[in-house]
>>> print(open('model_29.cif').read())   # mmCIF, C-alpha atoms (C1' of nucleotides)
data_target
loop_
_atom_site.label_atom_id
_atom_site.label_comp_id
_atom_site.auth_asym_id
_atom_site.auth_seq_id
_atom_site.Cartn_x
_atom_site.Cartn_y
_atom_site.Cartn_z
CA MET A 1 43.70 55.96 37.95
CA LYS A 2 41.46 54.23 40.42
CA GLN A 3 38.38 54.68 38.22
CA ASP A 4 40.07 52.78 35.44
CA ALA A 5 40.77 49.83 37.70
CA GLU A 6 37.15 49.73 38.80
CA LEU A 7 35.99 49.93 35.23
CA ALA A 8 38.31 47.07 34.32
CA LEU A 9 36.83 44.96 37.11
CA VAL A 10 33.29 45.75 36.04
CA LEU A 11 34.11 44.87 32.45
CA GLU A 12 35.46 41.49 33.49
CA GLN A 13 32.35 40.80 35.53
CA MET A 14 30.30 41.67 32.49
CA VAL A 15 31.92 38.89 30.56
CA ARG A 16 30.54 36.42 33.05
CA VAL A 17 27.13 38.06 33.05
CA VAL A 18 26.75 38.09 29.30
CA ARG A 19 27.61 34.42 29.06
CA ARG A 20 24.72 33.61 31.37
CA LEU A 21 22.23 35.98 29.81
CA ALA A 22 21.13 33.71 26.97
CA THR A 23 21.42 29.94 26.94
CA ALA A 24 18.84 28.74 24.38
CA GLY A 25 20.20 26.06 22.11
CA ASP A 26 23.24 25.59 24.29
CA LEU A 27 25.32 27.69 21.95
CA GLY A 28 28.62 29.14 23.03
CA PHE A 29 29.38 32.79 22.52
CA PRO A 30 31.16 32.48 19.16
CA ALA A 31 28.53 30.16 17.69
CA ALA A 32 25.75 32.53 18.70
CA ALA A 33 27.69 35.50 17.35
CA VAL A 34 28.15 33.90 13.93
CA LEU A 35 24.51 32.93 13.77
CA THR A 36 23.41 36.43 14.73
CA ARG A 37 25.68 37.94 12.12
CA LEU A 38 24.23 35.68 9.43
CA VAL A 39 20.72 36.71 10.41
CA ARG A 40 21.66 40.38 10.41
CA GLU A 41 23.78 40.48 7.28
CA GLY A 42 22.68 37.54 5.15
CA PRO A 43 24.80 34.77 3.61
CA GLN A 44 28.53 35.26 3.85
CA ARG A 45 31.75 33.70 2.72
CA LEU A 46 33.66 31.72 5.23
CA THR A 47 36.65 34.04 4.99
CA ASP A 48 34.50 37.09 5.71
CA LEU A 49 32.90 35.39 8.68
CA ALA A 50 36.31 34.51 10.07
CA ALA A 51 37.58 38.05 9.66
CA GLY A 52 34.39 39.53 11.07
CA GLU A 53 34.47 37.40 14.17
CA GLY A 54 38.21 37.58 14.64
CA LEU A 55 38.72 33.85 14.16
CA SER A 56 41.21 31.98 12.00
CA GLN A 57 39.90 30.49 8.79
CA PRO A 58 40.25 26.90 10.02
CA GLY A 59 38.53 27.89 13.23
CA MET A 60 35.60 29.22 11.27
CA THR A 61 35.51 26.09 9.10
CA GLN A 62 35.07 24.01 12.22
CA LEU A 63 32.58 26.33 13.86
CA VAL A 64 30.47 26.33 10.68
CA SER A 65 30.74 22.54 10.54
CA ARG A 66 29.37 22.28 14.05
CA LEU A 67 26.54 24.67 13.25
CA GLU A 68 25.82 22.70 10.10
CA ARG A 69 25.66 19.46 12.06
CA GLN A 70 22.97 21.08 14.20
CA THR A 71 21.23 22.25 11.01
CA LEU A 72 21.48 25.87 12.09
CA VAL A 73 23.39 26.90 8.94
CA ARG A 74 23.90 25.57 5.43
CA ARG A 75 26.93 25.66 3.13
CA ASN A 76 26.10 26.78 -0.41
CA PRO A 77 28.45 26.83 -3.37
CA CYS A 78 29.09 30.11 -5.13
CA VAL A 79 28.30 30.13 -8.83
CA ASP A 80 30.81 32.88 -9.65
CA ASP A 81 33.78 31.30 -7.92
CA GLY A 82 34.07 27.59 -7.35
CA ARG A 83 36.39 28.06 -4.37
CA VAL A 84 34.07 30.03 -2.15
CA VAL A 85 31.46 28.72 0.22
CA LEU A 86 28.50 30.86 1.14
CA VAL A 87 27.24 30.20 4.65
CA GLU A 88 23.53 30.77 5.15
CA VAL A 89 21.39 30.59 8.26
CA THR A 90 18.55 28.05 8.15
CA PRO A 91 15.02 28.77 9.38
CA GLY A 92 15.87 26.82 12.53
CA GLY A 93 18.95 28.94 13.09
CA ARG A 94 16.97 32.10 12.56
CA GLU A 95 14.38 30.97 15.02
CA LEU A 96 17.06 30.17 17.60
CA VAL A 97 18.59 33.62 17.25
CA GLY A 98 15.16 35.08 17.93
CA ARG A 99 14.68 32.97 21.01
CA ARG A 100 18.08 33.94 22.36
CA ARG A 101 17.35 37.58 21.76
CA GLU A 102 14.15 37.18 23.74
CA GLU A 103 15.89 35.45 26.60
CA ARG A 104 18.57 38.04 26.76
CA ALA A 105 16.10 40.91 26.71
CA GLN A 106 14.07 39.29 29.47
CA ALA A 107 17.07 38.67 31.68
CA LEU A 108 18.44 42.13 31.10
CA SER A 109 15.24 43.99 31.81
CA GLY A 110 14.82 41.88 34.93
CA LEU A 111 18.21 43.08 36.09
CA LEU A 112 17.61 46.69 35.16
CA ALA A 113 14.34 46.62 37.05
CA GLN A 114 16.26 45.86 40.22
CA LEU A 115 18.32 49.03 39.93
CA ASP A 116 17.33 52.39 41.36
CA PRO A 117 15.97 54.86 38.84
CA THR A 118 19.15 56.90 39.30
CA GLU A 119 21.29 53.89 38.52
CA ARG A 120 19.21 52.96 35.50
CA ASP A 121 19.55 56.49 34.27
CA ALA A 122 23.33 56.41 34.69
CA VAL A 123 23.56 53.15 32.75
CA GLN A 124 21.40 54.41 29.92
CA ARG A 125 23.35 57.63 29.62
CA ALA A 126 26.57 55.63 29.34
CA VAL A 127 25.41 53.30 26.58
CA PRO A 128 26.44 55.50 23.63
CA ALA A 129 29.84 56.16 25.17
CA LEU A 130 30.35 52.47 25.89
CA ALA A 131 29.38 51.67 22.33
CA ARG A 132 32.05 54.09 21.12
CA LEU A 133 34.55 52.55 23.52
CA THR A 134 33.97 49.04 22.22
CA ALA A 135 34.01 50.26 18.64
CA LEU A 136 37.41 51.87 19.24
CA ALA A 137 38.71 48.77 20.93
CA LEU A 138 37.56 46.43 18.20
CA ALA A 139 38.63 48.58 15.27
CA PRO A 140 41.70 47.28 13.47
CA GLN A 141 44.40 49.02 15.43
CA ARG A 142 47.43 50.46 13.66
CA PRO A 143 49.31 52.37 16.38
CA THR A 144 51.64 54.11 13.92
CA ASP A 145 48.77 55.17 11.69
CA GLY A 146 46.38 57.90 12.69
CA GLY A 147 43.65 56.65 10.41
CA PRO A 148 42.65 56.93 6.75
CA ALA A 149 44.87 59.48 5.01
CA MET B 1 12.60 48.66 25.15
CA LYS B 2 15.03 49.84 22.51
CA GLN B 3 17.56 50.92 25.11
CA ASP B 4 17.73 47.42 26.46
CA ALA B 5 18.56 45.99 23.07
CA GLU B 6 21.34 48.53 22.61
CA LEU B 7 22.69 47.75 26.05
CA ALA B 8 22.64 44.06 25.22
CA LEU B 9 24.65 44.70 22.06
CA VAL B 10 27.16 46.83 23.89
CA LEU B 11 27.55 44.17 26.55
CA GLU B 12 28.30 41.56 23.93
CA GLN B 13 30.86 43.76 22.28
CA MET B 14 32.45 44.21 25.70
CA VAL B 15 33.08 40.51 25.90
CA ARG B 16 35.25 40.73 22.82
CA VAL B 17 37.00 43.82 24.07
CA VAL B 18 37.86 42.38 27.46
CA ARG B 19 39.35 39.29 25.91
CA ARG B 20 41.79 41.44 23.94
CA LEU B 21 42.64 43.82 26.77
CA ALA B 22 45.27 41.63 28.44
CA THR B 23 47.22 38.86 26.77
CA ALA B 24 50.37 38.42 28.90
CA GLY B 25 51.19 34.81 29.56
CA ASP B 26 48.69 33.63 26.98
CA LEU B 27 46.17 32.80 29.67
CA GLY B 28 42.53 32.33 28.85
CA PHE B 29 39.89 34.21 30.78
CA PRO B 30 39.15 31.54 33.39
CA ALA B 31 42.82 30.84 34.05
CA ALA B 32 43.52 34.53 34.57
CA ALA B 33 40.44 34.88 36.78
CA VAL B 34 41.52 32.05 39.07
CA LEU B 35 45.02 33.43 39.32
CA THR B 36 43.72 36.91 40.14
CA ARG B 37 41.42 35.50 42.78
CA LEU B 38 44.30 33.67 44.42
CA VAL B 39 46.37 36.84 44.50
CA ARG B 40 43.48 38.83 45.92
CA GLU B 41 42.19 36.32 48.46
CA GLY B 42 45.10 34.03 49.23
CA PRO B 43 45.25 30.22 49.14
CA GLN B 44 41.93 28.50 48.61
CA ARG B 45 40.42 25.07 48.51
CA LEU B 46 39.68 23.64 45.13
CA THR B 47 35.99 23.40 45.90
CA ASP B 48 35.82 27.06 46.88
CA LEU B 49 37.64 28.08 43.73
CA ALA B 50 35.22 26.06 41.63
CA ALA B 51 32.20 27.60 43.34
CA GLY B 52 33.69 31.10 43.17
CA GLU B 53 34.40 30.89 39.46
CA GLY B 54 31.23 29.01 38.59
CA LEU B 55 33.05 25.93 37.34
CA SER B 56 32.48 22.28 38.12
CA GLN B 57 34.88 20.66 40.55
CA PRO B 58 36.49 18.50 37.85
CA GLY B 59 36.81 21.54 35.66
CA MET B 60 38.68 23.33 38.40
CA THR B 61 40.90 20.30 39.01
CA GLN B 62 41.97 20.46 35.39
CA LEU B 63 42.37 24.20 35.28
CA VAL B 64 44.53 24.08 38.42
CA SER B 65 46.55 21.24 36.90
CA ARG B 66 47.26 23.34 33.84
CA LEU B 67 48.28 26.31 35.96
CA GLU B 68 50.48 24.05 38.06
CA ARG B 69 52.20 22.72 34.94
CA GLN B 70 53.07 26.31 34.11
CA THR B 71 54.27 26.79 37.73
CA LEU B 72 51.79 29.60 38.25
CA VAL B 73 50.15 27.88 41.24
CA ARG B 74 51.04 25.16 43.73
CA ARG B 75 48.91 22.49 45.39
CA ASN B 76 49.45 22.25 49.14
CA PRO B 77 48.00 19.64 51.46
CA CYS B 78 45.83 20.80 54.35
CA VAL B 79 47.01 19.72 57.78
CA ASP B 80 43.55 19.79 59.36
CA ASP B 81 41.85 17.67 56.70
CA GLY B 82 43.70 15.19 54.54
CA ARG B 83 41.13 15.41 51.79
CA VAL B 84 41.47 19.07 50.97
CA VAL B 85 43.97 20.69 48.65
CA LEU B 86 44.94 24.31 49.16
CA VAL B 87 45.79 26.08 45.93
CA GLU B 88 48.35 28.85 46.26
CA VAL B 89 49.71 31.30 43.69
CA THR B 90 53.47 31.16 43.12
CA PRO B 91 55.70 34.24 42.82
CA GLY B 92 55.68 33.72 39.06
CA GLY B 93 51.90 33.62 39.05
CA ARG B 94 51.71 36.74 41.15
CA GLU B 95 54.08 38.51 38.82
CA LEU B 96 52.02 37.51 35.81
CA VAL B 97 48.84 38.86 37.37
CA GLY B 98 50.64 42.13 37.91
CA ARG B 99 51.77 42.29 34.31
CA ARG B 100 48.29 41.56 33.05
CA ARG B 101 46.85 44.24 35.28
CA GLU B 102 49.34 46.70 33.81
CA GLU B 103 48.51 45.71 30.26
CA ARG B 104 44.83 46.02 30.87
CA ALA B 105 45.16 49.41 32.55
CA GLN B 106 47.29 50.69 29.68
CA ALA B 107 44.89 49.49 27.03
CA LEU B 108 41.88 50.80 28.88
CA SER B 109 43.26 54.25 29.55
CA GLY B 110 44.32 54.43 25.92
CA LEU B 111 40.74 53.79 24.93
CA LEU B 112 39.27 56.20 27.46
CA ALA B 113 41.65 58.89 26.24
CA GLN B 114 40.05 58.66 22.82
CA LEU B 115 36.61 59.49 24.18
CA ASP B 116 35.25 62.99 24.56
CA PRO B 117 35.29 64.37 28.12
CA THR B 118 31.50 64.10 28.13
CA GLU B 119 31.64 60.44 27.15
CA ARG B 120 34.32 59.69 29.72
CA ASP B 121 32.19 61.33 32.32
CA ALA B 122 29.14 59.29 31.36
CA VAL B 123 31.14 56.08 31.58
CA GLN B 124 32.57 56.93 34.95
CA ARG B 125 29.20 57.85 36.36
CA ALA B 126 27.81 54.51 35.24
CA VAL B 127 30.52 52.37 36.81
CA PRO B 128 28.86 51.96 40.23
CA ALA B 129 25.53 51.12 38.64
CA LEU B 130 27.15 48.63 36.29
CA ALA B 131 28.93 47.07 39.24
CA ARG B 132 25.59 46.64 40.95
CA LEU B 133 24.11 45.21 37.78
CA THR B 134 26.82 42.57 37.46
CA ALA B 135 26.61 41.79 41.16
CA LEU B 136 22.87 41.18 40.82
CA ALA B 137 23.37 39.05 37.75
CA LEU B 138 26.08 36.93 39.31
CA ALA B 139 24.43 36.48 42.68
CA PRO B 140 23.04 32.99 43.23
CA GLN B 141 19.55 33.45 41.82
CA ARG B 142 16.64 31.87 43.62
CA PRO B 143 13.58 33.48 42.05
CA THR B 144 11.16 32.06 44.65
CA ASP B 145 13.34 33.11 47.56
CA GLY B 146 13.72 36.73 48.58
CA GLY B 147 17.05 36.12 50.28
CA PRO B 148 18.44 34.74 53.56
CA ALA B 149 15.63 34.14 56.03
"C1'" DT C 1 51.22 31.70 -8.06
"C1'" DA C 2 47.50 33.43 -5.11
"C1'" DT C 3 43.16 32.58 -2.90
"C1'" DT C 4 39.56 29.67 -0.66
"C1'" DG C 5 38.65 26.33 2.05
"C1'" DT C 6 39.59 21.75 4.55
"C1'" DT C 7 42.28 18.38 7.22
"C1'" DA C 8 45.58 17.28 10.82
"C1'" DT C 9 47.06 18.21 15.22
"C1'" DA C 10 47.28 20.24 19.68
"C1'" DC C 11 45.81 22.93 23.45
"C1'" DT C 12 42.31 25.44 26.62
"C1'" DC C 13 37.89 25.24 28.62
"C1'" DT C 14 33.85 22.79 30.25
"C1'" DA C 15 30.54 19.15 31.66
"C1'" DT C 16 28.89 14.55 33.57
"C1'" DA C 17 29.89 10.06 35.38
"C1'" DA C 18 32.70 7.03 37.86
"C1'" DC C 19 36.29 6.54 41.00
"C1'" DT C 20 39.64 7.08 45.29
"C1'" DA C 21 40.76 8.72 49.72
"C1'" DT C 22 39.63 10.76 53.92
"C1'" DA C 23 36.21 12.06 57.65
"C1'" DT D 1 27.63 7.69 54.41
"C1'" DA D 2 29.23 12.22 53.06
"C1'" DT D 3 32.85 15.22 51.42
"C1'" DA D 4 37.17 16.50 48.67
"C1'" DG D 5 39.39 15.66 44.89
"C1'" DT D 6 40.88 13.00 40.59
"C1'" DT D 7 40.33 10.31 36.35
"C1'" DA D 8 37.79 9.15 32.19
"C1'" DT D 9 35.45 10.76 28.47
"C1'" DA D 10 33.30 13.93 25.40
"C1'" DG D 11 32.50 18.15 23.14
"C1'" DA D 12 33.14 23.38 22.05
"C1'" DG D 13 36.43 26.73 20.86
"C1'" DT D 14 40.93 28.16 19.12
"C1'" DA D 15 45.52 28.20 16.74
"C1'" DT D 16 49.26 26.85 13.29
"C1'" DA D 17 50.87 23.94 9.59
"C1'" DA D 18 50.04 21.24 5.66
"C1'" DC D 19 47.02 20.19 2.00
"C1'" DA D 20 43.52 20.31 -2.12
"C1'" DA D 21 40.91 22.77 -5.36
"C1'" DT D 22 40.02 26.70 -8.05
"C1'" DA D 23 41.31 31.16 -10.22
#
>>> encode(input="model_29.cif", output="structure tokens")
Amino acid sequence: MKQDAELALVLEQMVRVVRRLATAGDLGFPAAAVLTRLVREGPQRLTDLAAGEGLSQPGMTQLVSRLERQTLVRRNPCVDDGRVVLVEVTPGGRELVGRRREERAQALSGLLAQLDPTERDAVQRAVPALARLTALALAPQRPTDGGPA
Amino acid sequence: MKQDAELALVLEQMVRVVRRLATAGDLGFPAAAVLTRLVREGPQRLTDLAAGEGLSQPGMTQLVSRLERQTLVRRNPCVDDGRVVLVEVTPGGRELVGRRREERAQALSGLLAQLDPTERDAVQRAVPALARLTALALAPQRPTDGGPA
DNA sequence: TATTGTTATACTCTATAACTATA
DNA sequence: TATAGTTATAGAGTATAACAATA
């Protein structure tokens, strides 16, 4: 369908837009995502972070090391299990997440303000559906399995 | 506004989704974008490609070099001006763009099929507005300048 | 032996600075 | 001198394979 192709194009443009929406701290998308997750969900094991962000475990080790070097996160040992590392956001990291959220909100509302009321309305009506769409796309997909039995 | 925050979240999720929508040829997002542009618009100068994709000129030199190594593009000299390089997609590159487009369309229509008719409708109605939104966001922004004089 | 995490290595993506070649 | 492009260098982001430490 033609609509699908247009939607695909718009989605790809969005990728570019989102990457320019917030730039505080000079963090890339994955670094910001990890930081945001730590703020939202509290300290986490490295393995869980990797799984949650769809990265490999070594990839997450390195990302966390970079964030640690910038003192945005801390590695804490786990008392129950000597193997696990609990990653925790620092006050500085928390503050940066807040600033990015601000930036993003500012930029976005500036853009929305330039749309016609009709357009704004169309976008807002689509948000729940788009949220469902992304949730479906990001859910662990098992094509031969219709879901939980 | 609360809606803005939700929209921002959805947009970020979209970034993840788009990156998983098409994987043929193992190309990253920028590589695929350059290739697609070359298919759509024909041979281009390196400088124009860099400007069009929002990369630095050296960045584009390297990206084009990688694509050339994979024989997805070719560098051609320009007869009018010995300094310029015209980058052209090869048949293999063109074919790969086609395959990726297929993949993406498949994945996307699979996702849309899982939405309710109401949700699908809401998404489709928002596409033009979202296109405008991304166009606004990606336009060269000069806050103190209302546009071409 | 299985799990958690790190190190080693390699590749893409990206920038700035310095350079070459052509106009 | 200005423009087009490349090379040098550095850093983020990502993967797989091999390893160490703990359970």
>>> resolve_selection(input="model_29.cif", expression="the PyMOL selection byres ((chain C) within 9 of (chain A))", output="PDB file with C-alpha atoms (C1' of nucleotides), keeping the file's coordinate frame")
ATOM      1  C1'  DT C   3      43.160  32.580  -2.900  1.00  0.00           C
ATOM      2  C1'  DT C   4      39.560  29.670  -0.660  1.00  0.00           C
ATOM      3  C1'  DG C   5      38.650  26.330   2.050  1.00  0.00           C
ATOM      4  C1'  DT C   6      39.590  21.750   4.550  1.00  0.00           C
TER       5       DT C   6
END
>>> closest_residue(input="model_29.cif", among="A:Arg132, A:Glu88, A:Ala105, A:Arg19", to="Gly42 in chain A", atoms="only C-alpha atoms")
A:Glu88
>>> resolve_selection(input="model_29.cif", expression="the PyMOL selection byres ((chain B) within 6 of (chain A))", output="JSON list (two decimals) with C-alpha atoms, in the coordinates of the input")
[["chain", "number", "residue", "atom", "x", "y", "z"],
["B", 10, "VAL", "CA", 27.16, 46.83, 23.89],
["B", 15, "VAL", "CA", 33.08, 40.51, 25.90],
["B", 119, "GLU", "CA", 31.64, 60.44, 27.15],
["B", 122, "ALA", "CA", 29.14, 59.29, 31.36],
["B", 123, "VAL", "CA", 31.14, 56.08, 31.58],
["B", 126, "ALA", "CA", 27.81, 54.51, 35.24],
["B", 129, "ALA", "CA", 25.53, 51.12, 38.64],
["B", 131, "ALA", "CA", 28.93, 47.07, 39.24]]
>>> calpha_fit_and_write(input="model_29.cif", fixed="chain A", moving="chain B", output="mmCIF file with C-alpha atoms, in the frame of the given file")
data_model
loop_
_atom_site.group_PDB
_atom_site.id
_atom_site.type_symbol
_atom_site.label_atom_id
_atom_site.label_comp_id
_atom_site.auth_asym_id
_atom_site.auth_seq_id
_atom_site.Cartn_x
_atom_site.Cartn_y
_atom_site.Cartn_z
ATOM 1 C CA MET B 1 43.570 56.064 38.062
ATOM 2 C CA LYS B 2 41.330 54.300 40.539
ATOM 3 C CA GLN B 3 38.298 54.702 38.309
ATOM 4 C CA ASP B 4 40.012 52.797 35.564
ATOM 5 C CA ALA B 5 40.685 49.851 37.821
ATOM 6 C CA GLU B 6 37.050 49.768 38.901
ATOM 7 C CA LEU B 7 35.924 49.952 35.300
ATOM 8 C CA ALA B 8 38.245 47.092 34.441
ATOM 9 C CA LEU B 9 36.732 44.976 37.210
ATOM 10 C CA VAL B 10 33.215 45.771 36.122
ATOM 11 C CA LEU B 11 34.069 44.887 32.546
ATOM 12 C CA GLU B 12 35.383 41.516 33.619
ATOM 13 C CA GLN B 13 32.297 40.808 35.641
ATOM 14 C CA MET B 14 30.263 41.686 32.556
ATOM 15 C CA VAL B 15 31.896 38.873 30.673
ATOM 16 C CA ARG B 16 30.489 36.411 33.163
ATOM 17 C CA VAL B 17 27.102 38.053 33.126
ATOM 18 C CA VAL B 18 26.760 38.049 29.359
ATOM 19 C CA ARG B 19 27.608 34.387 29.159
ATOM 20 C CA ARG B 20 24.693 33.574 31.462
ATOM 21 C CA LEU B 21 22.207 35.946 29.854
ATOM 22 C CA ALA B 22 21.145 33.645 27.012
ATOM 23 C CA THR B 23 21.457 29.881 26.987
ATOM 24 C CA ALA B 24 18.889 28.675 24.417
ATOM 25 C CA GLY B 25 20.250 26.014 22.135
ATOM 26 C CA ASP B 26 23.314 25.535 24.299
ATOM 27 C CA LEU B 27 25.414 27.612 21.944
ATOM 28 C CA GLY B 28 28.712 29.054 23.033
ATOM 29 C CA PHE B 29 29.434 32.724 22.548
ATOM 30 C CA PRO B 30 31.203 32.470 19.187
ATOM 31 C CA ALA B 31 28.588 30.140 17.727
ATOM 32 C CA ALA B 32 25.794 32.485 18.760
ATOM 33 C CA ALA B 33 27.721 35.487 17.431
ATOM 34 C CA VAL B 34 28.179 33.922 14.001
ATOM 35 C CA LEU B 35 24.544 32.936 13.836
ATOM 36 C CA THR B 36 23.424 36.435 14.822
ATOM 37 C CA ARG B 37 25.695 37.966 12.225
ATOM 38 C CA LEU B 38 24.228 35.751 9.527
ATOM 39 C CA VAL B 39 20.710 36.750 10.512
ATOM 40 C CA ARG B 40 21.642 40.418 10.567
ATOM 41 C CA GLU B 41 23.766 40.563 7.423
ATOM 42 C CA GLY B 42 22.672 37.636 5.292
ATOM 43 C CA PRO B 43 24.795 34.900 3.693
ATOM 44 C CA GLN B 44 28.527 35.426 3.932
ATOM 45 C CA ARG B 45 31.753 33.914 2.764
ATOM 46 C CA LEU B 46 33.677 31.888 5.256
ATOM 47 C CA THR B 47 36.647 34.212 5.042
ATOM 48 C CA ASP B 48 34.497 37.245 5.790
ATOM 49 C CA LEU B 49 32.912 35.505 8.745
ATOM 50 C CA ALA B 50 36.332 34.614 10.106
ATOM 51 C CA ALA B 51 37.588 38.177 9.727
ATOM 52 C CA GLY B 52 34.377 39.630 11.168
ATOM 53 C CA GLU B 53 34.479 37.449 14.257
ATOM 54 C CA GLY B 54 38.235 37.629 14.705
ATOM 55 C CA LEU B 55 38.769 33.913 14.192
ATOM 56 C CA SER B 56 41.245 32.087 12.003
ATOM 57 C CA GLN B 57 39.922 30.642 8.770
ATOM 58 C CA PRO B 58 40.298 27.044 9.976
ATOM 59 C CA GLY B 59 38.586 27.980 13.191
ATOM 60 C CA MET B 60 35.645 29.314 11.247
ATOM 61 C CA THR B 61 35.558 26.213 9.044
ATOM 62 C CA GLN B 62 35.143 24.115 12.159
ATOM 63 C CA LEU B 63 32.652 26.394 13.820
ATOM 64 C CA VAL B 64 30.538 26.426 10.647
ATOM 65 C CA SER B 65 30.812 22.639 10.447
ATOM 66 C CA ARG B 66 29.467 22.324 13.964
ATOM 67 C CA LEU B 67 26.604 24.691 13.216
ATOM 68 C CA GLU B 68 25.863 22.780 10.029
ATOM 69 C CA ARG B 69 25.728 19.501 11.951
ATOM 70 C CA GLN B 70 23.056 21.089 14.113
ATOM 71 C CA THR B 71 21.286 22.302 10.923
ATOM 72 C CA LEU B 72 21.543 25.899 12.069
ATOM 73 C CA VAL B 73 23.418 26.986 8.923
ATOM 74 C CA ARG B 74 23.933 25.694 5.394
ATOM 75 C CA ARG B 75 26.950 25.834 3.092
ATOM 76 C CA ASN B 76 26.109 26.995 -0.423
ATOM 77 C CA PRO B 77 28.452 27.069 -3.390
ATOM 78 C CA CYS B 78 29.079 30.392 -5.113
ATOM 79 C CA VAL B 79 28.265 30.465 -8.808
ATOM 80 C CA ASP B 80 30.752 33.222 -9.642
ATOM 81 C CA ASP B 81 33.739 31.597 -7.939
ATOM 82 C CA GLY B 82 34.032 27.876 -7.388
ATOM 83 C CA ARG B 83 36.357 28.322 -4.454
ATOM 84 C CA VAL B 84 34.065 30.271 -2.189
ATOM 85 C CA VAL B 85 31.464 28.907 0.185
ATOM 86 C CA LEU B 86 28.497 31.043 1.155
ATOM 87 C CA VAL B 87 27.259 30.347 4.658
ATOM 88 C CA GLU B 88 23.548 30.895 5.171
ATOM 89 C CA VAL B 89 21.407 30.655 8.305
ATOM 90 C CA THR B 90 18.574 28.118 8.165
ATOM 91 C CA PRO B 91 15.038 28.796 9.423
ATOM 92 C CA GLY B 92 15.911 26.806 12.536
ATOM 93 C CA GLY B 93 18.985 28.937 13.089
ATOM 94 C CA ARG B 94 17.003 32.103 12.611
ATOM 95 C CA GLU B 95 14.419 30.914 15.079
ATOM 96 C CA LEU B 96 17.090 30.113 17.635
ATOM 97 C CA VAL B 97 18.607 33.574 17.332
ATOM 98 C CA GLY B 98 15.178 34.999 17.994
ATOM 99 C CA ARG B 99 14.713 32.875 21.082
ATOM 100 C CA ARG B 100 18.100 33.853 22.423
ATOM 101 C CA ARG B 101 17.353 37.503 21.833
ATOM 102 C CA GLU B 102 14.144 37.092 23.820
ATOM 103 C CA GLU B 103 15.907 35.345 26.668
ATOM 104 C CA ARG B 104 18.571 37.970 26.833
ATOM 105 C CA ALA B 105 16.077 40.833 26.764
ATOM 106 C CA GLN B 106 14.051 39.212 29.536
ATOM 107 C CA ALA B 107 17.057 38.631 31.738
ATOM 108 C CA LEU B 108 18.419 42.092 31.134
ATOM 109 C CA SER B 109 15.201 43.942 31.824
ATOM 110 C CA GLY B 110 14.784 41.859 34.958
ATOM 111 C CA LEU B 111 18.159 43.075 36.115
ATOM 112 C CA LEU B 112 17.549 46.689 35.146
ATOM 113 C CA ALA B 113 14.257 46.610 37.027
ATOM 114 C CA GLN B 114 16.170 45.889 40.210
ATOM 115 C CA LEU B 115 18.228 49.057 39.899
ATOM 116 C CA ASP B 116 17.209 52.413 41.294
ATOM 117 C CA PRO B 117 15.846 54.892 38.729
ATOM 118 C CA THR B 118 19.025 56.921 39.192
ATOM 119 C CA GLU B 119 21.199 53.904 38.449
ATOM 120 C CA ARG B 120 19.123 52.953 35.427
ATOM 121 C CA ASP B 121 19.480 56.455 34.164
ATOM 122 C CA ALA B 122 23.247 56.416 34.603
ATOM 123 C CA VAL B 123 23.498 53.149 32.702
ATOM 124 C CA GLN B 124 21.365 54.371 29.859
ATOM 125 C CA ARG B 125 23.307 57.583 29.532
ATOM 126 C CA ALA B 126 26.534 55.616 29.290
ATOM 127 C CA VAL B 127 25.394 53.258 26.546
ATOM 128 C CA PRO B 128 26.455 55.441 23.592
ATOM 129 C CA ALA B 129 29.836 56.112 25.155
ATOM 130 C CA LEU B 130 30.347 52.435 25.906
ATOM 131 C CA ALA B 131 29.406 51.620 22.334
ATOM 132 C CA ARG B 132 32.070 54.020 21.149
ATOM 133 C CA LEU B 133 34.553 52.517 23.570
ATOM 134 C CA THR B 134 33.984 48.990 22.285
ATOM 135 C CA ALA B 135 34.064 50.197 18.696
ATOM 136 C CA LEU B 136 37.453 51.811 19.314
ATOM 137 C CA ALA B 137 38.752 48.718 21.034
ATOM 138 C CA LEU B 138 37.602 46.369 18.308
ATOM 139 C CA ALA B 139 38.686 48.497 15.379
ATOM 140 C CA PRO B 140 41.756 47.159 13.590
ATOM 141 C CA GLN B 141 44.477 48.891 15.583
ATOM 142 C CA ARG B 142 47.458 50.293 13.752
ATOM 143 C CA PRO B 143 49.187 52.493 16.320
ATOM 144 C CA THR B 144 51.566 54.069 13.772
ATOM 145 C CA ASP B 145 48.785 54.790 11.308
ATOM 146 C CA GLY B 146 46.214 57.493 11.917
ATOM 147 C CA GLY B 147 43.665 55.878 9.627
ATOM 148 C CA PRO B 148 42.882 55.558 5.901
ATOM 149 C CA ALA B 149 45.111 57.866 3.886
#
>>> interface_residues(input="model_29.cif", of="chain D", to="chain A", cutoff="9 Å", atoms="all atoms listed in the file", output="list in words")
DA12, DG13, DT14, DA15, DA21, DT22 and DA23 of chain D
>>> residues_around(input="model_29.cif", residues="DA8 in chain D", least_positions_apart="4", cutoff="10 Å", atoms="only C-alpha atoms (C1' of nucleotides)", output="list of chain:residue names")
C:DA17, C:DA18, C:DC19
>>> write_last_selection(input="model_29.cif", atoms="C-alpha atoms (C1' of nucleotides)", output="PDB file, keeping the file's coordinate frame")
ATOM      1  C1'  DA C  17      29.890  10.060  35.380  1.00  0.00           C
ATOM      2  C1'  DA C  18      32.700   7.030  37.860  1.00  0.00           C
ATOM      3  C1'  DC C  19      36.290   6.540  41.000  1.00  0.00           C
TER       4       DC C  19
END
>>> atom_distance(input="model_29.cif", atom1="C1' of DT16 in chain D", atom2="CA of Ser65 in chain A")
19.2 Å
